[in-house]
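*Asks:* What follows is a single structure, and I will ask about it in a moment.
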Amino acid sequence: MSTLVIPGDEITINPDVPVILGPGMYNDPVTRDILPVNAGILNTSNSKKGQTIYVEYDSKRYTPAVGDLVVGIITGSFADSYRVSLANFSTPVSLSYMAFPNASKKNRPTLVIGDLVYARVCTAEKELEAEVECVDSTNGSDAGFGLLDGGMIIEVTLGFARSLLFNNEFPLLRDLAQHCKFEIAIGVNGKIWIKTDEVKDTIACYRSISDCQGKSYDQFRDIIKKHFQEVTTTVEE
Amino acid sequence: MADVEENVVEVHPVSFPPEILARISPELSLQRHLSLGFRSSSRGFEEFRDVTINTENLTDDKALKDTIKTNNEKQILGSCVLKQGDVFVITHITGGVIEDSTLSPDDIDEEEDAELLEITEENSDITKYTSVYPVVEVNRGRMGACTDEEMITSQRLYDTLLHSKILTKKSLRVDPGVRITNEDGSVEIIYPDTEAKKEITKAMTPKKKWSYVLYAKIEVFGRTGPVYDMCWNSLMFALQSVKLPRAFIDERATDLKMTVRARGRNAIVMETYNLLCDPEESYRLPLRDIGKSFASTYGLIDLDPEADISKLDSAEDEDESMEGEEEEEVKTVLLADIDGEAEETCIKSTISITTCPNGRFRQLSIVGGGSKITRELLQKSIALSKQRSSDLTLKSQQD
Amino acid sequence: MNVQTGYLQNVDGSCLYSLNSTKVISSVTGPIEPKPRQELPTQLAIEINLRPATGVPTTREITLQDKIRTVITPILASYKFPRQLCQITLQLLQSGETESLFNQLELAACINSTVFALVDSGVPLKNLAIATTIVIDSNNNIIHENITDDILKNNKSVHVIVYQIENNKPSNLLLMDSHGDFDEQDVLKVLEASESNVRQLNKSFREYIQSKLSN
């Protein structure tokens with residue numbers, strides 16, 4: 001069931017079942033109306049808990065939500081936490097020194113300003129500063145989080161980053177892997193970190209990923225091929 | 001568990017005297033007042049503040065008579081002191097003379113013929129009209145750059161005056177006379193519209209054209225709420241009191257020409273006119289009656305049933321009655337002449353109307369950020385604004 | 001009406017809007033961290049900057065900014081982002097009217113462009129606002145489309161009307177800004193004429209969004 005909604009449209013809600021509102025939906029505190037606040041595709045699904053409603057829309061500005069996997073930049077350090085930027089000009093989030101694997105009072109993490117980290121949002125209240133963690137807090141393992149060393153950041157729209165991360169059918173990474181070997185970390189805040197063995201491969205990957213935004217699946221192959229050909233035929237001077 | 005219960009602190013409801021409540025929760029204070037049927041200023045919903053107007057007191061007549069001033073020195077041509085509630089608005093209108101370089105004399109003659117025809121008609125091209133340049137200053141006891149409110153009010157006054165077509169460009173045109181020294185040594189000023197010595201004025205008509213420009217300095221003291229209405233009304237009264245001095249040129253200067261060498265090469269002929277303002281002769285600024293209008297502002301606010309004092313006691317005990325109330329139709333009230341901090345910040349829907357005494361509008365601005373503006377409320381505010389406009393017109397005639 | 005959203009690369013939302021000979025680019029960035037003096041404890045603050053097609057901003061632009069603000073503030077779901085800021089910047093490319101006399105065409109274009117840029121940026125909106133300009137000429141005819149500078153100059157009255165769009169229909173009147181010579185009947189006629197204009201604009205905007213999303 002997918003329909004286009006625009007802010008202010010009326011949504012049919014079954015009043016007998018509890019409602020869970022996802023992104024793009026809003027419960028007005030004064031009028032108590034439930035309405036979509038973004039333009040996009042409306043998704044409703046029913047489960048045992050109730051009906052879930054959210055709007056699938058694309059944007060560029062990330063606002064933290066609990067559980068999101070993000071790529072952040074360390075912009076400052078304090079007595080017990082780092083300040084991390086998830087999007088330019090947005091309010092920074094904090095990353096506690098204790099939110100690392102095997103952390104203790106004596107064992108401090110060694111990140112410096114300008115480092116990239118892969119992290120997960122653990123609290124996100126609109127009234128408070130959001131927090132991220134570099135550890136799986138359920139079992140204390142590193143779970144792939146932590147410092148991203150070297151490589152390059154590609155900024156993409158949030159919708160594109162979500163497709164890359166969650167959509168298993170999305171062919172881009174598979175197509176890319178046929179040309180070179182790479183390490184990748186995808187943050188739903190629209191930042192993609194990529195690292196390859198050679199600079200020219202990094203450049204080709206960067207250009208390919210940037211260019212594939214907003215294109216259809218069958219164009220991906222040609223775009224990637226074009227960029228890899230470009231970097232291999234260019235002679236270093 | 002037992003421990004906790006022993007330490008339970010009893011919470012008393014905090015109560016504030018009305019004036020403190022009004023500061024910390026203006027919305028609630030306003031709603032409580034409204035539920036009792038009057039406003040915090042103890043006015044009724046549709047009651048305006050009283051207005052007193054005093055014009056011409058500030059006009060610098062005396063200075064005008066004492067010395068001949070050149071057009072560089074500004075002096076007060078018209079003024080108005082308006083008091084509405086606790087707010088004073090002092091307007092003084094000053095002027096200057098500018099050379100109208102956009103038109104050559106031939107053009108003007110042609111244009112004037114056409115213009116005469118058009119002006120008689122009800123409406124004509126907006127470019128034939130002009131406005132004054134208002135500067136609004138809201139005094140708050142501190143110095144600094146002008147605030148947005150001052151800029152916005154000034155611009156609104158300018159726009160409304162321009163579009164109400166009250167001032168034609170022609171009415172501000174300077175028609176200079178000539179000061180001549182007679183054979184017997186006496187000095188005399190002759191104006192083109194006097195029949196005597198027509199041949200002299202005709203012979204000495206300067207090639208250049210001048211216009212007056214009017215500036216309005218509007219100072220607000222003791223601001224308590226939105227100031228646009230008061231500024232507009234004050235400006236209207238002040239404009240009606242404006243007297244423009246007549247201007248003349250000394251005969252020796254009427255066709256004085258000088259050759260000026262600029263950078264050694266091209267010679268430019270400079271004409272200098274010594275345009276002076278007559279200390280004795282002045283005339284009223286011709287205003288088109290059709291444009292005279294007065295402004296009033298209305299606010300719309302939904303009554304909050306939960307803040308209703310009369311229902312407060314009963315609602316506390318019975319939750320059911322509360323539920324019933326929610327289904328009730330929201331009641332919106334119209335408040336005339338918004339004033340005070342609470343009304344200014346809490347009322348999001350406003351209607352501002354500038355109305356002529358004959359019931360036609362010159363300016364209307366509706367802002368609908370809060371309560372829904374229904375046709376009935378709009379019509380009610382229109383009726384009130386017509387009433388207010390004719391009241392103020394009467395007032396201006398009394399003075 | 002010609003709309004192109006996502007026109008600028010480095011802002012969160014943008015829109016190039018043109019109607020007849022008025023053309024404006026708007027950009028939206030937000031929610032971002034505000035300056036301390038802009039911060040509102042419970043709501044999203046907005047900052048609007050308007051640049052004219054020629055010259056530097058004057059009191060005229062400040063007044064336009066204020067009018068845009070009165071329209072945008074009520075449609076934002078502002079309690080969703082307390083202590084945050086939404087920055088809106090508008091650059092006029094072509095005025096389409098004599099700037100010293102009028103602002104009506106620019107105002108309507110700026111409002112529409114801003115709303116579309118807000119939709120593009122994903123800043124939460126409770127509903128849309130759509131603006132239109134109406135002129136009553138000296139023969140008491142209502143002119144509601146293809147308004148040129150000459151039509152404006154020969155007006156009897158000029159009106160800018162902004163309607164709130166709820167559930168695909170114009171509902172509340174958000175702004176009416178009228179100048180000139182008119183009466184009560186004219187006001188009602190203008191409101192009626194503008195409603196159909198707004199409906200039309202809303203329809204074409206919806207179609208634009210639909211085509212953009214299906215890509």
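Each chain of the structure tokens is named A, B, ... in the order shown, its residues numbered from 1; ligands are numbered from 1 in display order.
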Mind listing as a list in words which residues of chain A are within 6 Å of chain C, counting only C-alpha atoms?
*Replies:*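 Therefore, the residues near the partner are Pro7, Gly8, Asp9, Glu10, Val37, Asn38, Ser59, Lys60, Arg61, Phe89, Ser90 and Thr91 of chain A.
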*Asks:* Could the residues in this selection be written to a file with N, CA and C atoms, as a PDB file, in the first residue's frame?
*Replies:*
```pdb
ATOM      1  N   PRO A   7       2.158  17.297   3.275  1.00  0.00           N
ATOM      2  CA  PRO A   7       1.796  17.830   4.585  1.00  0.00           C
ATOM      3  C   PRO A   7       0.380  18.399   4.618  1.00  0.00           C
ATOM      4  N   GLY A   8      -0.374  18.014   5.628  1.00  0.00           N
ATOM      5  CA  GLY A   8      -1.728  18.522   5.776  1.00  0.00           C
ATOM      6  C   GLY A   8      -2.787  17.575   5.256  1.00  0.00           C
ATOM      7  N   ASP A   9      -2.383  16.517   4.544  1.00  0.00           N
ATOM      8  CA  ASP A   9      -3.369  15.563   4.030  1.00  0.00           C
ATOM      9  C   ASP A   9      -3.986  14.774   5.176  1.00  0.00           C
ATOM     10  N   GLU A  10      -5.223  14.343   4.939  1.00  0.00           N
ATOM     11  CA  GLU A  10      -5.892  13.565   5.969  1.00  0.00           C
ATOM     12  C   GLU A  10      -5.489  12.099   5.817  1.00  0.00           C
ATOM     13  N   VAL A  37       3.869  15.227   8.051  1.00  0.00           N
ATOM     14  CA  VAL A  37       4.541  16.522   8.012  1.00  0.00           C
ATOM     15  C   VAL A  37       5.600  16.575   6.910  1.00  0.00           C
ATOM     16  N   ASN A  38       5.706  15.501   6.153  1.00  0.00           N
ATOM     17  CA  ASN A  38       6.645  15.517   5.027  1.00  0.00           C
ATOM     18  C   ASN A  38       5.943  14.984   3.794  1.00  0.00           C
ATOM     19  N   SER A  59      15.608  13.390   2.125  1.00  0.00           N
ATOM     20  CA  SER A  59      16.017  14.731   2.554  1.00  0.00           C
ATOM     21  C   SER A  59      17.530  14.737   2.692  1.00  0.00           C
ATOM     22  N   LYS A  60      18.064  15.856   3.095  1.00  0.00           N
ATOM     23  CA  LYS A  60      19.517  15.958   3.226  1.00  0.00           C
ATOM     24  C   LYS A  60      19.947  16.171   4.662  1.00  0.00           C
ATOM     25  N   ARG A  61      19.055  16.676   5.488  1.00  0.00           N
ATOM     26  CA  ARG A  61      19.437  17.024   6.860  1.00  0.00           C
ATOM     27  C   ARG A  61      19.097  15.878   7.797  1.00  0.00           C
ATOM     28  N   PHE A  89      26.588  22.067  10.578  1.00  0.00           N
ATOM     29  CA  PHE A  89      25.759  23.118  11.183  1.00  0.00           C
ATOM     30  C   PHE A  89      24.672  22.612  12.120  1.00  0.00           C
ATOM     31  N   SER A  90      24.478  21.285  12.200  1.00  0.00           N
ATOM     32  CA  SER A  90      23.486  20.775  13.138  1.00  0.00           C
ATOM     33  C   SER A  90      24.070  20.776  14.536  1.00  0.00           C
ATOM     34  N   THR A  91      23.193  20.684  15.534  1.00  0.00           N
ATOM     35  CA  THR A  91      23.646  20.587  16.906  1.00  0.00           C
ATOM     36  C   THR A  91      24.493  19.320  17.056  1.00  0.00           C
TER      37      THR A  91
END
```
*Asks:* Which residues, written as a tab-separated table (two decimals) with C-alpha atoms, in the first residue's frame, have at least one atom at most 9 Å from C:Val71, with only C-alpha atoms counted and residues fewer than 6 positions away on the same chain left out?
*Replies:*
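This is the output file result-v3.tsv:
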```
chain	number	residue	atom	x	y	z
B	367	VAL	CA	-2.94	37.78	9.21
B	368	GLY	CA	-4.45	34.41	9.97
B	369	GLY	CA	-1.84	32.61	12.02
C	111	ILE	CA	5.95	32.63	-0.32
C	129	ALA	CA	0.50	27.71	2.18
C	162	VAL	CA	-2.33	33.35	1.01
C	164	GLN	CA	-3.56	27.39	3.99
C	174	LEU	CA	-3.34	33.05	6.23
C	175	LEU	CA	-2.65	36.46	4.80
```
*Asks:* Using only C-alpha atoms, find each residue in chain A having at least one atom no more than 12 Å away from chain B; report its shortest atom-to-atom pair and that distance in Å (one decimal), rows by chain then rising number, as a Markdown table.
*Replies:*
```
| residue | atom | partner | partner_atom | distance |
| --- | --- | --- | --- | --- |
| A:Val30 | CA | B:Asp304 | CA | 11.5 |
| A:Thr31 | CA | B:Glu326 | CA | 10.7 |
| A:Arg32 | CA | B:Glu326 | CA | 11.8 |
```
*Asks:* Any idea which chain C residues end up within 8 Å of chain B if we count only C-alpha atoms, as a list in words please?
*Replies:*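 Selected residues: Thr59, Arg60, Ile62, Thr63, Asp66, Thr70, Val71, Thr73, Pro74, Leu101, Ser138, Lys153, Asn154, Asn155, Lys156, Asn172, Leu173, Leu174, Leu175, Met176, Asp177, Ser178, His179, Gly180, Asp181, Phe182, Asp183 and Glu184 of chain C.
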*Asks:* Would you save the residues of that selection, restricted to C-alpha atoms, as a PDB file, in the first residue's frame?
*Replies:*
```pdb
ATOM      1  CA  THR C  59      13.160  48.502   4.495  1.00  0.00           C
ATOM      2  CA  ARG C  60      11.081  47.136   1.637  1.00  0.00           C
ATOM      3  CA  ILE C  62      12.512  43.806   5.725  1.00  0.00           C
ATOM      4  CA  THR C  63       8.760  44.282   5.319  1.00  0.00           C
ATOM      5  CA  ASP C  66       8.085  39.979   7.937  1.00  0.00           C
ATOM      6  CA  THR C  70       3.719  35.569   9.304  1.00  0.00           C
ATOM      7  CA  VAL C  71       2.776  32.978   6.701  1.00  0.00           C
ATOM      8  CA  THR C  73       5.349  30.418  11.166  1.00  0.00           C
ATOM      9  CA  PRO C  74       1.842  28.917  11.464  1.00  0.00           C
ATOM     10  CA  LEU C 101       5.913  50.980  -6.221  1.00  0.00           C
ATOM     11  CA  SER C 138     -10.088  50.676 -13.164  1.00  0.00           C
ATOM     12  CA  LYS C 153       0.350  50.325 -12.472  1.00  0.00           C
ATOM     13  CA  ASN C 154      -3.184  50.826 -13.694  1.00  0.00           C
ATOM     14  CA  ASN C 155      -4.738  49.114 -10.721  1.00  0.00           C
ATOM     15  CA  LYS C 156      -7.638  50.271  -8.682  1.00  0.00           C
ATOM     16  CA  ASN C 172      -7.848  29.044   6.324  1.00  0.00           C
ATOM     17  CA  LEU C 173      -6.929  32.483   5.122  1.00  0.00           C
ATOM     18  CA  LEU C 174      -3.337  33.046   6.235  1.00  0.00           C
ATOM     19  CA  LEU C 175      -2.647  36.459   4.804  1.00  0.00           C
ATOM     20  CA  MET C 176      -4.431  39.114   2.855  1.00  0.00           C
ATOM     21  CA  ASP C 177      -2.523  42.244   2.007  1.00  0.00           C
ATOM     22  CA  SER C 178      -4.486  44.788   0.005  1.00  0.00           C
ATOM     23  CA  HIS C 179      -3.816  48.312  -1.137  1.00  0.00           C
ATOM     24  CA  GLY C 180      -5.709  50.788  -3.271  1.00  0.00           C
ATOM     25  CA  ASP C 181      -9.364  51.698  -3.448  1.00  0.00           C
ATOM     26  CA  PHE C 182     -11.849  48.918  -2.714  1.00  0.00           C
ATOM     27  CA  ASP C 183     -14.872  48.029  -0.617  1.00  0.00           C
ATOM     28  CA  GLU C 184     -16.369  45.121   1.263  1.00  0.00           C
TER      29      GLU C 184
END
```
*Asks:* Quick check, in Å to one decimal: how far apart do atom CA of C:Gly96 and atom CA of C:Thr114 lie?
*Replies:*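 Result for atom CA of C:Gly96 versus atom CA of C:Thr114: 18.1 Å, one decimal.
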*Asks:* Find the residues around stretch 102-114 of chain A up to 12 Å (only C-alpha atoms counted), leave out those fewer than 5 positions away in its own chain, and share them as JSON, numbers by chain.
*Replies:* {"A": [72, 73, 74, 75, 76, 77, 78, 79, 80, 81, 82, 83, 84, 85, 95, 96, 97, 133, 134, 135, 136, 137, 139, 140, 141, 142, 146, 147, 148, 149, 150]}
*Asks:* Write the residues of the preceding selection, restricted to N, CA and C atoms, as a PDB file, in the first residue's frame.
*Replies:*
```pdb
ATOM      1  N   GLY A  72      30.320   9.756  12.064  1.00  0.00           N
ATOM      2  CA  GLY A  72      30.462  11.089  12.645  1.00  0.00           C
ATOM      3  C   GLY A  72      31.895  11.570  12.610  1.00  0.00           C
ATOM      4  N   ILE A  73      32.048  12.884  12.767  1.00  0.00           N
ATOM      5  CA  ILE A  73      33.378  13.485  12.802  1.00  0.00           C
ATOM      6  C   ILE A  73      33.596  14.046  14.203  1.00  0.00           C
ATOM      7  N   ILE A  74      34.747  13.703  14.808  1.00  0.00           N
ATOM      8  CA  ILE A  74      35.050  14.242  16.134  1.00  0.00           C
ATOM      9  C   ILE A  74      35.399  15.730  15.976  1.00  0.00           C
ATOM     10  N   THR A  75      34.668  16.594  16.694  1.00  0.00           N
ATOM     11  CA  THR A  75      34.947  18.030  16.561  1.00  0.00           C
ATOM     12  C   THR A  75      35.441  18.645  17.863  1.00  0.00           C
ATOM     13  N   GLY A  76      35.458  17.857  18.936  1.00  0.00           N
ATOM     14  CA  GLY A  76      35.946  18.424  20.188  1.00  0.00           C
ATOM     15  C   GLY A  76      36.030  17.340  21.232  1.00  0.00           C
ATOM     16  N   SER A  77      36.839  17.580  22.277  1.00  0.00           N
ATOM     17  CA  SER A  77      36.864  16.578  23.340  1.00  0.00           C
ATOM     18  C   SER A  77      36.796  17.266  24.694  1.00  0.00           C
ATOM     19  N   PHE A  78      36.054  16.654  25.610  1.00  0.00           N
ATOM     20  CA  PHE A  78      35.854  17.200  26.952  1.00  0.00           C
ATOM     21  C   PHE A  78      36.410  16.231  27.979  1.00  0.00           C
ATOM     22  N   ALA A  79      36.114  16.503  29.253  1.00  0.00           N
ATOM     23  CA  ALA A  79      36.648  15.672  30.332  1.00  0.00           C
ATOM     24  C   ALA A  79      36.175  14.231  30.222  1.00  0.00           C
ATOM     25  N   ASP A  80      34.927  14.018  29.781  1.00  0.00           N
ATOM     26  CA  ASP A  80      34.437  12.645  29.766  1.00  0.00           C
ATOM     27  C   ASP A  80      33.748  12.269  28.465  1.00  0.00           C
ATOM     28  N   SER A  81      33.793  13.149  27.496  1.00  0.00           N
ATOM     29  CA  SER A  81      33.129  12.789  26.240  1.00  0.00           C
ATOM     30  C   SER A  81      33.720  13.566  25.060  1.00  0.00           C
ATOM     31  N   TYR A  82      33.439  13.053  23.877  1.00  0.00           N
ATOM     32  CA  TYR A  82      33.785  13.754  22.647  1.00  0.00           C
ATOM     33  C   TYR A  82      32.548  14.477  22.133  1.00  0.00           C
ATOM     34  N   ARG A  83      32.807  15.556  21.393  1.00  0.00           N
ATOM     35  CA  ARG A  83      31.707  16.161  20.650  1.00  0.00           C
ATOM     36  C   ARG A  83      31.810  15.666  19.214  1.00  0.00           C
ATOM     37  N   VAL A  84      30.696  15.175  18.670  1.00  0.00           N
ATOM     38  CA  VAL A  84      30.699  14.559  17.349  1.00  0.00           C
ATOM     39  C   VAL A  84      29.692  15.273  16.453  1.00  0.00           C
ATOM     40  N   SER A  85      30.130  15.583  15.251  1.00  0.00           N
ATOM     41  CA  SER A  85      29.215  16.212  14.295  1.00  0.00           C
ATOM     42  C   SER A  85      28.663  15.156  13.350  1.00  0.00           C
ATOM     43  N   LEU A  95      29.682  11.747  22.537  1.00  0.00           N
ATOM     44  CA  LEU A  95      30.137  10.360  22.525  1.00  0.00           C
ATOM     45  C   LEU A  95      30.950  10.179  23.799  1.00  0.00           C
ATOM     46  N   SER A  96      30.377   9.447  24.750  1.00  0.00           N
ATOM     47  CA  SER A  96      31.041   9.302  26.047  1.00  0.00           C
ATOM     48  C   SER A  96      32.288   8.430  25.931  1.00  0.00           C
ATOM     49  N   TYR A  97      33.299   8.716  26.762  1.00  0.00           N
ATOM     50  CA  TYR A  97      34.504   7.880  26.795  1.00  0.00           C
ATOM     51  C   TYR A  97      34.175   6.466  27.252  1.00  0.00           C
ATOM     52  N   GLU A 133      27.131   5.880  20.616  1.00  0.00           N
ATOM     53  CA  GLU A 133      28.030   4.952  21.299  1.00  0.00           C
ATOM     54  C   GLU A 133      28.807   4.154  20.258  1.00  0.00           C
ATOM     55  N   CYS A 134      30.008   3.759  20.638  1.00  0.00           N
ATOM     56  CA  CYS A 134      30.841   2.967  19.731  1.00  0.00           C
ATOM     57  C   CYS A 134      30.953   1.530  20.219  1.00  0.00           C
ATOM     58  N   VAL A 135      29.940   1.053  20.906  1.00  0.00           N
ATOM     59  CA  VAL A 135      29.990  -0.286  21.468  1.00  0.00           C
ATOM     60  C   VAL A 135      28.572  -0.845  21.420  1.00  0.00           C
ATOM     61  N   ASP A 136      28.475  -2.143  21.249  1.00  0.00           N
ATOM     62  CA  ASP A 136      27.163  -2.750  21.347  1.00  0.00           C
ATOM     63  C   ASP A 136      26.837  -2.877  22.820  1.00  0.00           C
ATOM     64  N   SER A 137      25.990  -2.036  23.354  1.00  0.00           N
ATOM     65  CA  SER A 137      25.813  -1.962  24.810  1.00  0.00           C
ATOM     66  C   SER A 137      25.155  -3.209  25.378  1.00  0.00           C
ATOM     67  N   ASN A 139      26.182  -6.401  24.731  1.00  0.00           N
ATOM     68  CA  ASN A 139      27.181  -7.405  25.103  1.00  0.00           C
ATOM     69  C   ASN A 139      28.602  -6.850  25.235  1.00  0.00           C
ATOM     70  N   GLY A 140      28.775  -5.541  25.003  1.00  0.00           N
ATOM     71  CA  GLY A 140      30.086  -4.934  25.216  1.00  0.00           C
ATOM     72  C   GLY A 140      31.094  -5.185  24.128  1.00  0.00           C
ATOM     73  N   SER A 141      30.671  -5.807  23.023  1.00  0.00           N
ATOM     74  CA  SER A 141      31.637  -6.047  21.951  1.00  0.00           C
ATOM     75  C   SER A 141      31.736  -4.827  21.034  1.00  0.00           C
ATOM     76  N   ASP A 142      32.746  -4.769  20.193  1.00  0.00           N
ATOM     77  CA  ASP A 142      32.907  -3.560  19.374  1.00  0.00           C
ATOM     78  C   ASP A 142      31.927  -3.531  18.200  1.00  0.00           C
ATOM     79  N   GLY A 146      33.574   2.160  15.854  1.00  0.00           N
ATOM     80  CA  GLY A 146      34.858   2.717  16.238  1.00  0.00           C
ATOM     81  C   GLY A 146      35.489   3.556  15.156  1.00  0.00           C
ATOM     82  N   LEU A 147      36.786   3.768  15.309  1.00  0.00           N
ATOM     83  CA  LEU A 147      37.520   4.660  14.414  1.00  0.00           C
ATOM     84  C   LEU A 147      37.513   4.151  12.973  1.00  0.00           C
ATOM     85  N   LEU A 148      37.290   5.069  12.038  1.00  0.00           N
ATOM     86  CA  LEU A 148      37.428   4.757  10.612  1.00  0.00           C
ATOM     87  C   LEU A 148      38.729   5.395  10.174  1.00  0.00           C
ATOM     88  N   ASP A 149      39.711   4.571   9.843  1.00  0.00           N
ATOM     89  CA  ASP A 149      41.042   5.084   9.563  1.00  0.00           C
ATOM     90  C   ASP A 149      41.236   5.231   8.066  1.00  0.00           C
ATOM     91  N   GLY A 150      41.742   6.377   7.625  1.00  0.00           N
ATOM     92  CA  GLY A 150      41.986   6.604   6.203  1.00  0.00           C
ATOM     93  C   GLY A 150      40.688   6.712   5.440  1.00  0.00           C
TER      94      GLY A 150
END
```
*Asks:* Mind checking DSSP for stretch 4-190 of chain A and telling me the strand (DSSP E) residues as a VMD selection string?
*Replies:* chain A and resid 4 to 5 19 to 21 25 to 27 34 to 36 40 to 46 51 to 56 69 to 77 81 to 85 93 to 96 116 to 123 131 to 133 146 to 148 152 to 155 182 to 186
*Asks:* Could you pull out all residues of stretch 163-213 of chain A with a DSSP call of alpha helix (DSSP H) and give them as an MDAnalysis selection string?
*Replies:* chainID A and resid 163:166 172:177 199:212
*Asks:* What does the file look like for those residues with C-alpha atoms, as a CSV table (one decimal), in the first residue's frame?
*Replies:*
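Result file out-v1.csv:
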```csv
chain,number,residue,atom,x,y,z
A,163,SER,CA,18.8,2.2,0.3
A,164,LEU,CA,22.5,1.3,0.3
A,165,LEU,CA,22.4,0.1,3.9
A,166,PHE,CA,19.0,-1.7,4.1
A,172,LEU,CA,25.3,-0.7,-6.4
A,173,LEU,CA,27.7,-2.2,-4.0
A,174,ARG,CA,27.7,-5.6,-5.8
A,175,ASP,CA,28.5,-3.8,-9.1
A,176,LEU,CA,31.2,-1.8,-7.4
A,177,ALA,CA,32.8,-4.9,-6.0
A,199,VAL,CA,43.8,6.3,-4.5
A,200,LYS,CA,42.5,5.9,-8.1
A,201,ASP,CA,40.0,3.3,-7.0
A,202,THR,CA,38.8,5.5,-4.2
A,203,ILE,CA,38.3,8.3,-6.7
A,204,ALA,CA,36.4,6.0,-9.0
A,205,CYS,CA,34.2,4.8,-6.2
A,206,TYR,CA,33.5,8.3,-5.0
A,207,ARG,CA,32.5,9.5,-8.4
A,208,SER,CA,30.4,6.3,-9.1
A,209,ILE,CA,28.5,6.5,-5.8
A,210,SER,CA,27.9,10.3,-6.2
A,211,ASP,CA,26.7,9.9,-9.7
A,212,CYS,CA,24.4,6.9,-9.1
```
*Asks:* If you count only C-alpha atoms, which residues fall within 7 Å of stretch 197-202 of chain C, apart from same-chain ones fewer than 4 positions away, as JSON, numbers by chain?
*Replies:* {"C": [130, 131, 132, 169, 170, 193, 206]}
*Asks:* Quick one: write out the picked residues with C-alpha atoms as a PDB file, in the first residue's frame?
*Replies:*
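out.pdb, written as the output of this step:
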```
ATOM      1  CA  ILE C 130      -0.044  28.987  -1.340  1.00  0.00           C
ATOM      2  CA  ALA C 131      -0.083  32.633  -2.368  1.00  0.00           C
ATOM      3  CA  THR C 132      -1.559  34.465  -5.298  1.00  0.00           C
ATOM      4  CA  LYS C 169      -8.112  22.087  -0.297  1.00  0.00           C
ATOM      5  CA  PRO C 170      -7.722  25.742   0.655  1.00  0.00           C
ATOM      6  CA  ALA C 193     -11.227  34.518  -7.123  1.00  0.00           C
ATOM      7  CA  ARG C 206       1.011  18.251  -6.312  1.00  0.00           C
TER       8      ARG C 206
END
```
*Asks:* Using only C-alpha atoms, which protein or nucleic acid residues come within 7 Å of stretch 191-193 of chain A? Drop anything in the same chain fewer than 6 positions from it, and give the result as a VMD selection string.
*Replies:* chain A and resid 71 151 to 156 184 to 185
*Asks:* Which distance in Å separates atom CA of B:Pro206 and atom CA of B:Leu172, to one decimal?
*Replies:* 17.1 Å
*Asks:* With only C-alpha atoms as the atoms that count, which of A:Glu127, A:Val55, A:Arg162, A:Asn27 lies nearest to A:Leu69?
*Replies:*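 Looking at the shortest contact to A:Leu69, the residue is A:Arg162.
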*Asks:* For a quick check of understanding, using only C-alpha atoms, which of B:Ala145, B:Ile20, B:Val138, B:Leu303 has the smallest distance to B:Ile347?
*Replies:*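 The closest residue to B:Ile347 is B:Leu303.
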*Asks:* Can you measure atom CA of B:Gly340 to atom CA of B:Ser41 for me? One decimal in Å is fine.
*Replies:* 7.8 Å
